[in-house]
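Source file: model_23.csv. Holds: CSV, C-alpha atoms.
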chain,number,residue,atom,x,y,z
A,1,MET,CA,17.4,-7.2,-32.8
A,2,GLY,CA,17.8,-7.0,-29.0
A,3,SER,CA,15.2,-6.8,-26.3
A,4,ARG,CA,15.0,-5.7,-22.7
A,5,SER,CA,13.3,-7.7,-19.9
A,6,LEU,CA,12.9,-6.7,-16.3
A,7,THR,CA,10.9,-7.6,-13.2
A,8,ILE,CA,9.3,-5.2,-10.7
A,9,ARG,CA,8.3,-6.5,-7.3
A,10,VAL,CA,6.3,-4.4,-4.8
A,11,PRO,CA,5.2,-5.6,-1.3
A,12,ALA,CA,1.9,-5.3,0.4
A,13,THR,CA,1.7,-2.7,3.1
A,14,SER,CA,-0.2,-2.3,6.4
A,15,ALA,CA,-0.6,1.2,7.8
A,16,ASN,CA,-1.2,2.7,11.3
A,17,ILE,CA,0.0,-0.3,13.4
A,18,GLY,CA,-2.2,0.9,16.2
A,19,PRO,CA,-1.3,4.5,17.2
A,20,GLY,CA,0.6,5.4,14.1
A,21,PHE,CA,-2.5,6.7,12.3
A,22,ASP,CA,-1.5,7.5,8.7
A,23,VAL,CA,2.2,8.0,9.5
A,24,VAL,CA,3.6,4.5,10.2
A,25,GLY,CA,3.5,1.3,8.1
A,26,LEU,CA,5.0,-2.1,7.4
A,27,SER,CA,6.0,-3.9,4.2
A,28,LEU,CA,4.6,-7.4,4.2
A,29,SER,CA,5.5,-10.6,2.2
A,30,LEU,CA,2.6,-10.5,-0.3
A,31,HIS,CA,3.7,-9.1,-3.6
A,32,LEU,CA,2.6,-7.5,-6.8
A,33,THR,CA,5.0,-8.6,-9.5
A,34,LEU,CA,5.4,-7.2,-13.0
A,35,THR,CA,7.3,-9.0,-15.7
A,36,ILE,CA,8.1,-6.6,-18.6
A,37,SER,CA,9.7,-7.1,-22.0
A,38,TYR,CA,10.0,-5.0,-25.2
A,39,PRO,CA,12.3,-4.9,-28.2
A,40,LEU,CA,15.0,-2.3,-28.3
A,41,SER,CA,14.4,-2.0,-32.1
A,42,PRO,CA,10.7,-2.6,-32.9
A,43,PRO,CA,10.2,-5.1,-35.7
A,44,THR,CA,7.8,-2.9,-37.7
A,45,SER,CA,7.5,0.8,-38.2
A,46,ASP,CA,3.9,0.8,-37.0
A,47,TYR,CA,3.5,1.5,-33.2
A,48,VAL,CA,2.0,-1.3,-31.2
A,49,GLN,CA,0.2,-0.5,-28.0
A,50,PRO,CA,1.2,-2.3,-24.7
A,51,ALA,CA,-0.2,-5.8,-24.2
A,52,ILE,CA,-1.2,-6.6,-20.5
A,53,THR,CA,-2.0,-9.9,-19.0
A,54,TYR,CA,-2.9,-10.5,-15.3
A,55,SER,CA,-3.0,-13.4,-12.9
A,56,GLY,CA,-3.7,-13.9,-9.2
A,57,GLU,CA,-5.9,-11.7,-6.9
A,58,GLY,CA,-8.3,-9.5,-8.9
A,59,SER,CA,-7.5,-11.0,-12.3
A,60,ASP,CA,-11.2,-11.0,-13.2
A,61,GLU,CA,-11.7,-7.3,-12.5
A,62,VAL,CA,-8.5,-5.4,-13.5
A,63,PRO,CA,-8.7,-3.5,-16.8
A,64,LEU,CA,-6.1,-4.7,-19.3
A,65,ASN,CA,-6.2,-1.5,-21.4
A,66,ALA,CA,-3.0,0.5,-20.7
A,67,TYR,CA,-5.0,3.7,-20.6
A,68,LYS,CA,-7.4,2.4,-18.0
A,69,ASN,CA,-5.1,0.1,-15.8
A,70,LEU,CA,-3.9,2.0,-12.7
A,71,THR,CA,-0.3,0.8,-12.9
A,72,THR,CA,0.2,1.8,-16.5
A,73,ARG,CA,-1.7,5.1,-16.1
A,74,VAL,CA,0.8,6.0,-13.4
A,75,ALA,CA,3.7,4.8,-15.5
A,76,LEU,CA,2.6,7.0,-18.4
A,77,TYR,CA,2.1,9.9,-16.0
A,78,VAL,CA,5.7,9.5,-14.9
A,79,LEU,CA,7.0,9.3,-18.5
A,80,ARG,CA,5.1,12.4,-19.6
A,81,CYS,CA,6.4,14.3,-16.6
A,82,HIS,CA,9.8,13.7,-18.2
A,83,ASN,CA,8.7,14.5,-21.8
A,84,ILE,CA,8.3,10.9,-23.0
A,85,ARG,CA,5.1,10.8,-24.9
A,86,ARG,CA,4.3,7.1,-24.9
A,87,PHE,CA,5.3,3.6,-24.0
A,88,PRO,CA,7.9,1.7,-26.1
A,89,SER,CA,6.3,-0.1,-29.0
A,90,HIS,CA,5.5,-3.8,-28.5
A,91,LEU,CA,5.7,-3.5,-24.7
A,92,VAL,CA,4.5,-6.7,-23.0
A,93,ILE,CA,3.5,-6.7,-19.3
A,94,HIS,CA,2.4,-9.6,-17.2
A,95,VAL,CA,1.2,-8.9,-13.7
A,96,ASP,CA,0.9,-11.5,-11.0
A,97,ASN,CA,-0.8,-10.2,-7.8
A,98,GLU,CA,-0.9,-11.8,-4.3
A,99,ILE,CA,-2.4,-8.8,-2.6
A,100,PRO,CA,-6.2,-9.0,-2.1
A,101,PHE,CA,-8.2,-6.0,-3.2
A,102,GLY,CA,-10.1,-3.8,-0.7
A,103,ARG,CA,-8.7,-5.5,2.5
A,104,GLY,CA,-6.5,-2.8,4.0
A,105,LEU,CA,-3.2,-4.4,2.6
A,106,GLY,CA,-2.2,-1.7,0.2
A,107,SER,CA,-3.3,-3.1,-3.1
A,108,SER,CA,-4.0,0.3,-4.7
A,109,GLY,CA,-0.7,1.7,-3.2
A,110,ALA,CA,1.2,-1.3,-4.7
A,111,ALA,CA,-0.3,-0.7,-8.1
A,112,VAL,CA,0.7,3.0,-8.0
A,113,ILE,CA,4.2,2.2,-6.7
A,114,ALA,CA,4.6,-0.4,-9.5
A,115,GLY,CA,3.6,2.3,-12.0
A,116,VAL,CA,6.2,4.8,-10.7
A,117,LEU,CA,8.9,2.1,-10.9
A,118,LEU,CA,7.7,1.0,-14.3
A,119,GLY,CA,7.8,4.5,-15.7
A,120,ASP,CA,11.2,5.1,-14.1
A,121,ALA,CA,12.6,1.8,-15.5
A,122,ILE,CA,11.3,1.9,-19.1
A,123,GLY,CA,12.1,5.7,-19.4
A,124,GLN,CA,15.5,5.0,-17.9
A,125,LEU,CA,15.0,8.1,-15.7
A,126,HIS,CA,17.1,6.9,-12.8
A,127,LEU,CA,14.9,8.8,-10.3
A,128,PRO,CA,16.4,9.0,-6.8
A,129,THR,CA,14.4,7.4,-4.0
A,130,GLU,CA,13.2,10.8,-2.9
A,131,ARG,CA,11.8,11.7,-6.3
A,132,SER,CA,10.1,8.3,-6.8
A,133,TRP,CA,8.5,8.8,-3.4
A,134,ILE,CA,7.2,12.2,-4.4
A,135,SER,CA,5.9,11.0,-7.8
A,136,HIS,CA,4.1,8.2,-5.9
A,137,SER,CA,2.7,10.6,-3.3
A,138,TRP,CA,1.4,13.0,-5.9
A,139,SER,CA,-0.1,10.5,-8.3
A,140,ASN,CA,-1.6,8.5,-5.5
A,141,ALA,CA,-4.2,11.2,-4.8
A,142,ILE,CA,-6.6,8.7,-3.1
A,143,ARG,CA,-7.2,11.0,-0.2
A,144,THR,CA,-5.0,8.9,2.1
A,145,THR,CA,-1.4,8.1,3.0
A,146,SER,CA,-2.3,4.6,4.2
A,147,GLN,CA,-0.5,2.8,1.4
A,148,GLN,CA,2.4,5.1,1.2
A,149,PRO,CA,4.9,4.1,3.9
A,150,SER,CA,7.6,1.4,3.6
A,151,TRP,CA,7.5,0.8,-0.1
A,152,ARG,CA,11.3,0.8,-0.4
A,153,LEU,CA,12.3,0.0,3.1
A,154,ARG,CA,12.2,-2.9,5.4
A,155,GLY,CA,10.9,-2.5,8.9
A,156,LEU,CA,8.7,0.1,10.6
A,157,VAL,CA,8.5,3.3,8.6
A,158,PRO,CA,7.0,6.6,9.6
A,159,GLN,CA,6.6,9.5,7.2
A,160,GLY,CA,5.8,13.2,7.4
A,161,ALA,CA,4.6,15.9,5.0
A,162,ASP,CA,4.7,19.6,5.0
A,163,GLU,CA,2.0,22.1,3.9
A,164,ALA,CA,2.9,21.7,0.3
A,165,ALA,CA,2.2,18.0,0.5
A,166,THR,CA,-1.1,18.6,2.1
A,167,GLU,CA,-2.1,20.9,-0.7
A,168,ALA,CA,-0.8,18.4,-3.3
A,169,ALA,CA,-3.0,15.7,-1.8
A,170,SER,CA,-6.1,17.8,-2.2
A,171,VAL,CA,-5.7,17.9,-6.0
A,172,PRO,CA,-8.5,15.8,-7.5
A,173,LEU,CA,-7.3,12.5,-8.8
A,174,SER,CA,-9.0,13.3,-12.2
A,175,GLU,CA,-6.7,16.3,-12.6
A,176,VAL,CA,-3.5,14.3,-11.8
A,177,LEU,CA,-4.2,11.0,-13.4
A,178,PRO,CA,-7.0,11.4,-15.9
A,179,GLU,CA,-8.8,8.3,-17.2
A,180,TYR,CA,-8.2,8.3,-20.9
A,181,PRO,CA,-11.4,8.4,-23.0
A,182,PRO,CA,-11.9,5.7,-25.6
A,183,ASP,CA,-11.0,8.0,-28.5
A,184,ALA,CA,-7.9,9.5,-26.9
A,185,GLY,CA,-5.0,10.0,-29.2
A,186,GLU,CA,-1.3,10.2,-28.5
A,187,ASP,CA,-1.5,13.9,-27.9
A,188,TRP,CA,-4.3,13.7,-25.3
A,189,GLY,CA,-3.2,14.6,-21.7
A,190,LEU,CA,0.4,15.4,-22.5
A,191,ASP,CA,1.0,18.0,-19.8
A,192,PRO,CA,0.1,16.6,-16.4
A,193,PRO,CA,0.9,18.6,-13.2
A,194,VAL,CA,4.5,17.7,-12.2
A,195,PRO,CA,5.0,16.6,-8.6
A,196,PRO,CA,7.0,19.1,-6.5
A,197,PHE,CA,10.3,18.3,-4.8
A,198,GLY,CA,11.0,17.9,-1.1
A,199,ILE,CA,7.5,17.4,0.3
A,200,GLY,CA,7.9,13.9,1.8
A,201,HIS,CA,10.1,12.7,4.7
A,202,TYR,CA,10.6,9.3,6.1
A,203,VAL,CA,12.9,7.1,8.3
A,204,ARG,CA,13.1,3.4,9.1
A,205,PHE,CA,12.7,2.3,12.7
A,206,GLY,CA,14.2,-0.9,14.1
A,207,TRP,CA,12.2,-4.2,14.0
A,208,SER,CA,12.7,-7.3,16.0
A,209,GLU,CA,13.5,-10.2,13.6
A,210,SER,CA,11.4,-12.5,15.8
A,211,ILE,CA,8.1,-10.7,15.0
A,212,LYS,CA,5.8,-11.9,12.3
A,213,ALA,CA,2.4,-10.6,11.2
A,214,VAL,CA,-0.7,-12.8,11.1
A,215,ALA,CA,-3.1,-11.3,8.6
A,216,ILE,CA,-6.7,-12.2,9.4
A,217,ILE,CA,-8.5,-11.4,6.2
A,218,PRO,CA,-12.4,-11.3,6.1
A,219,ARG,CA,-13.9,-12.3,2.8
A,220,PHE,CA,-15.4,-8.9,2.0
A,221,GLU,CA,-14.0,-5.7,0.6
A,222,LEU,CA,-14.0,-2.3,2.3
A,223,SER,CA,-12.8,0.6,0.3
A,224,THR,CA,-10.5,3.1,2.0
A,225,ALA,CA,-12.7,6.0,1.0
A,226,LYS,CA,-15.8,4.5,2.5
A,227,ALA,CA,-14.1,3.5,5.7
A,228,ARG,CA,-12.8,7.0,6.1
A,229,GLU,CA,-16.2,8.6,5.7
A,230,VAL,CA,-17.0,7.6,9.3
A,231,LEU,CA,-13.9,9.3,10.8
A,232,PRO,CA,-14.2,12.7,12.3
A,233,THR,CA,-12.5,15.6,10.6
A,234,GLN,CA,-10.9,16.8,13.8
A,235,TYR,CA,-9.5,15.2,17.0
A,236,SER,CA,-9.0,16.7,20.5
A,237,ARG,CA,-5.6,17.5,21.9
A,238,LYS,CA,-6.3,14.8,24.5
A,239,ASP,CA,-6.7,12.2,21.8
A,240,LEU,CA,-3.6,13.3,19.9
A,241,VAL,CA,-1.4,13.3,23.0
A,242,PHE,CA,-2.9,9.9,23.9
A,243,ASN,CA,-1.7,8.4,20.6
A,244,LEU,CA,1.6,10.2,20.5
A,245,GLN,CA,2.5,8.8,23.9
A,246,ARG,CA,1.8,5.3,22.7
A,247,LEU,CA,3.5,5.7,19.4
A,248,ALA,CA,6.7,6.8,21.1
A,249,VAL,CA,6.6,3.7,23.2
A,250,LEU,CA,5.6,1.3,20.4
A,251,THR,CA,8.2,2.3,17.8
A,252,THR,CA,10.9,1.6,20.3
A,253,ALA,CA,9.3,-1.6,21.8
A,254,LEU,CA,8.9,-3.3,18.3
A,255,GLY,CA,12.7,-3.0,17.8
A,256,GLN,CA,13.6,-4.7,21.1
A,257,SER,CA,14.7,-8.3,21.4
A,258,PRO,CA,13.0,-10.1,22.9
A,259,PRO,CA,9.8,-8.0,22.4
A,260,ASP,CA,7.7,-7.2,25.5
A,261,PRO,CA,4.1,-8.5,24.9
A,262,GLY,CA,2.6,-6.4,27.7
A,263,LEU,CA,4.2,-3.2,26.5
A,264,ILE,CA,3.3,-3.7,22.8
A,265,TYR,CA,-0.2,-5.0,23.4
A,266,GLU,CA,-1.3,-2.1,25.6
A,267,ALA,CA,0.2,0.5,23.2
A,268,MET,CA,-1.6,-1.0,20.2
A,269,LYS,CA,-4.8,-1.9,21.9
A,270,THR,CA,-5.6,1.3,23.6
A,271,ALA,CA,-4.7,3.5,20.6
A,272,SER,CA,-6.8,1.3,18.3
A,273,THR,CA,-9.8,1.6,20.6
A,274,ASN,CA,-9.5,5.4,20.9
A,275,LEU,CA,-8.5,7.3,17.8
A,276,THR,CA,-9.9,4.8,15.3
A,277,GLU,CA,-12.9,3.7,17.3
A,278,ASN,CA,-15.2,4.8,14.5
A,279,LEU,CA,-13.9,2.1,12.3
A,280,TRP,CA,-15.4,-0.5,14.6
A,281,HIS,CA,-18.5,-1.0,12.5
A,282,ILE,CA,-16.8,-4.1,11.1
A,283,PRO,CA,-18.7,-7.0,12.7
A,284,GLY,CA,-16.6,-9.1,15.1
A,285,LEU,CA,-13.7,-6.6,15.2
A,286,PRO,CA,-14.2,-5.4,18.8
A,287,GLU,CA,-14.5,-9.0,20.0
A,288,VAL,CA,-11.4,-10.2,18.2
A,289,THR,CA,-9.2,-7.3,19.4
A,290,THR,CA,-10.4,-7.5,23.0
A,291,THR,CA,-10.6,-11.3,23.6
A,292,ILE,CA,-7.5,-12.4,21.8
A,293,THR,CA,-4.7,-11.2,24.2
A,294,PRO,CA,-1.1,-12.2,25.2
A,295,ALA,CA,-2.6,-13.8,28.3
A,296,SER,CA,-4.9,-16.0,26.3
A,297,HIS,CA,-2.6,-16.6,23.4
A,298,PRO,CA,1.1,-16.8,24.3
A,299,GLY,CA,3.2,-15.4,21.5
A,300,LEU,CA,0.8,-12.6,20.7
A,301,LEU,CA,2.3,-9.1,21.0
A,302,GLY,CA,-0.4,-6.8,19.7
A,303,ILE,CA,-3.5,-6.7,17.4
A,304,CYS,CA,-4.9,-3.9,15.3
A,305,LEU,CA,-6.8,-3.0,12.2
A,306,SER,CA,-4.7,-3.1,9.0
A,307,GLY,CA,-5.0,0.3,7.3
A,308,ALA,CA,-8.7,1.0,6.8
A,309,GLY,CA,-9.6,-2.6,7.2
A,310,PRO,CA,-11.3,-5.1,7.2
A,311,THR,CA,-8.0,-7.1,7.7
A,312,ILE,CA,-6.8,-7.5,11.2
A,313,LEU,CA,-3.1,-7.6,11.8
A,314,ALA,CA,-1.8,-9.6,14.8
A,315,LEU,CA,1.9,-9.2,15.5
A,316,ALA,CA,3.3,-12.3,17.2
A,317,THR,CA,6.4,-14.4,17.8
A,318,GLY,CA,4.5,-17.7,17.9
A,319,GLY,CA,1.1,-19.3,18.4
A,320,PHE,CA,0.1,-18.1,14.9
A,321,GLU,CA,-2.5,-20.9,14.2
A,322,GLY,CA,-4.2,-20.5,17.5
A,323,ILE,CA,-4.6,-16.8,17.1
A,324,ALA,CA,-6.0,-17.1,13.6
A,325,GLU,CA,-8.3,-20.0,14.2
A,326,ASP,CA,-9.8,-18.3,17.3
A,327,ALA,CA,-10.4,-15.2,15.3
A,328,ARG,CA,-12.0,-17.3,12.6
A,329,GLU,CA,-14.4,-18.7,15.3
A,330,ILE,CA,-15.4,-15.2,16.5
A,331,PHE,CA,-16.0,-14.0,12.9
A,332,GLN,CA,-18.1,-17.1,12.1
A,333,GLY,CA,-20.4,-16.1,14.9
A,334,PHE,CA,-21.1,-12.9,12.9
A,335,GLY,CA,-21.6,-14.9,9.7
A,336,ILE,CA,-18.2,-13.8,8.2
A,337,SER,CA,-15.7,-16.2,6.7
A,338,ILE,CA,-12.0,-15.4,6.8
A,339,ASP,CA,-8.6,-16.4,5.3
A,340,TRP,CA,-5.4,-16.0,7.2
A,341,LYS,CA,-1.7,-15.9,6.4
A,342,VAL,CA,1.5,-15.7,8.4
A,343,LEU,CA,3.5,-13.0,6.8
A,344,GLU,CA,7.1,-11.9,7.1
A,345,ILE,CA,8.2,-8.3,7.4
A,346,ALA,CA,9.3,-7.8,3.8
A,347,SER,CA,12.1,-5.9,2.1
A,348,GLY,CA,11.1,-3.0,-0.1
A,349,SER,CA,10.3,-2.8,-3.7
A,350,ALA,CA,12.8,-4.0,-6.3
A,351,VAL,CA,13.5,-3.6,-10.0
A,352,LYS,CA,15.6,-6.3,-11.6
A,353,GLU,CA,17.0,-6.6,-15.1
A,354,ASN,CA,16.5,-10.1,-16.4
Any chance you could give the structure as structure tokens?
Amino acid sequence: MGSRSLTIRVPATSANIGPGFDVVGLSLSLHLTLTISYPLSPPTSDYVQPAITYSGEGSDEVPLNAYKNLTTRVALYVLRCHNIRRFPSHLVIHVDNEIPFGRGLGSSGAAVIAGVLLGDAIGQLHLPTERSWISHSWSNAIRTTSQQPSWRLRGLVPQGADEAATEAASVPLSEVLPEYPPDAGEDWGLDPPVPPFGIGHYVRFGWSESIKAVAIIPRFELSTAKAREVLPTQYSRKDLVFNLQRLAVLTTALGQSPPDPGLIYEAMKTASTNLTENLWHIPGLPEVTTTITPASHPGLLGICLSGAGPTILALATGGFEGIAEDAREIFQGFGISIDWKVLEIASGSAVKEN
């Protein structure tokens, strides 16, 4: 009796990077890793439900039921979109997670992406990158694209969507990815809405190899939905032009070697204090982003909120400890403890047969 074993690895992500509000993101070197195994010929005729174990960040709060866990719910959605009713019998999944929850580092997005790749792998669907991207976009109906960029690519990745994508994103999560009731049988929820083709577009920008990301992570959670409640529903043409001007400069400047601190800092700083100013209810954030500068901290290039926060991302070529420890001191003045990590710009998601 043979068995199959594989590993799925998905990086953390940080969205916006200053002016790239909802359209630019980075992959970072924290990972969600799934180790999967199942027999190709099950040892008994009785079907055995998936067994899930979990370690690392969030291990005390993640559901281990395959019909409640976000990753396996997405995987089952992908399978059922391709007429596969259930997981293989005796499926065993171990999840190890390095991405903190609710900190603006793409933990939910990583879980969704892992689910798409899991469904693709165990269903042997061989989905192209574009189709996997759309499955992710559709099933990740969390009212934001903040975790979507850069899941397969290394570097700075913008994305775009047409009218169909906007309509798809408005479909309630409960209609796309229903949470299975306790008494759900195998036939429950067999016909989910299938994601449409051709609604996502993305490209990789250049990235200077000398740039690392210092993630300054406050020890409290902030959900993306709650953070976005404070944002206006419309922006002026002046604000949009303001951000587009800086985005055009920033996406080129981050690929230059050596990177220009003055150019990058001004593009990230001014955009962050303009279009996303309503997120500045996070205590200590304005002080950190305005007092930690390339002039005071050589090696710093730019500083911004990571996604919806509360993590702050400082792009730098050196001086990492000084940047992080001075941020710690500022946050301590507001009664907030932090952790910090120096992260590499990571390669994208990977699926490996063991």
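Nearest residue to Gly309 of chain A among A:Val342, A:Leu285, A:Leu79, A:Val24 is A:Leu285, counting all atoms listed in the file.
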From the options A:Gln332, A:Thr35, A:Ser108, A:Ser55, which residue's atoms come nearest to Leu70 of chain A, counting only C-alpha atoms?
A:Ser108
Which of these, A:Pro283, A:Pro19, A:Gly2, A:Gly102, has the shortest distance to Glu266 of chain A once you count only C-alpha atoms?
A:Pro19
Expressed in Å, the length from atom CA of His297 of chain A to atom CA of Gly319 of chain A is 6.8 Å
Contacts of Asn65 of chain A at 9 Å or less, counting all atoms listed in the file, minus same-chain residues fewer than 6 places along, as a PyMOL selection string?
chain A and resi 50-52+72
Restricted to C-alpha atoms, what would the selected residues look like written as an mmCIF file, in the frame of the given file?
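Produced file selection_16.cif, reproduced below:
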data_model
loop_
_atom_site.group_PDB
_atom_site.id
_atom_site.type_symbol
_atom_site.label_atom_id
_atom_site.label_comp_id
_atom_site.auth_asym_id
_atom_site.auth_seq_id
_atom_site.Cartn_x
_atom_site.Cartn_y
_atom_site.Cartn_z
ATOM 1 C CA PRO A 50 1.200 -2.300 -24.700
ATOM 2 C CA ALA A 51 -0.200 -5.800 -24.200
ATOM 3 C CA ILE A 52 -1.200 -6.600 -20.500
ATOM 4 C CA THR A 72 0.200 1.800 -16.500
#
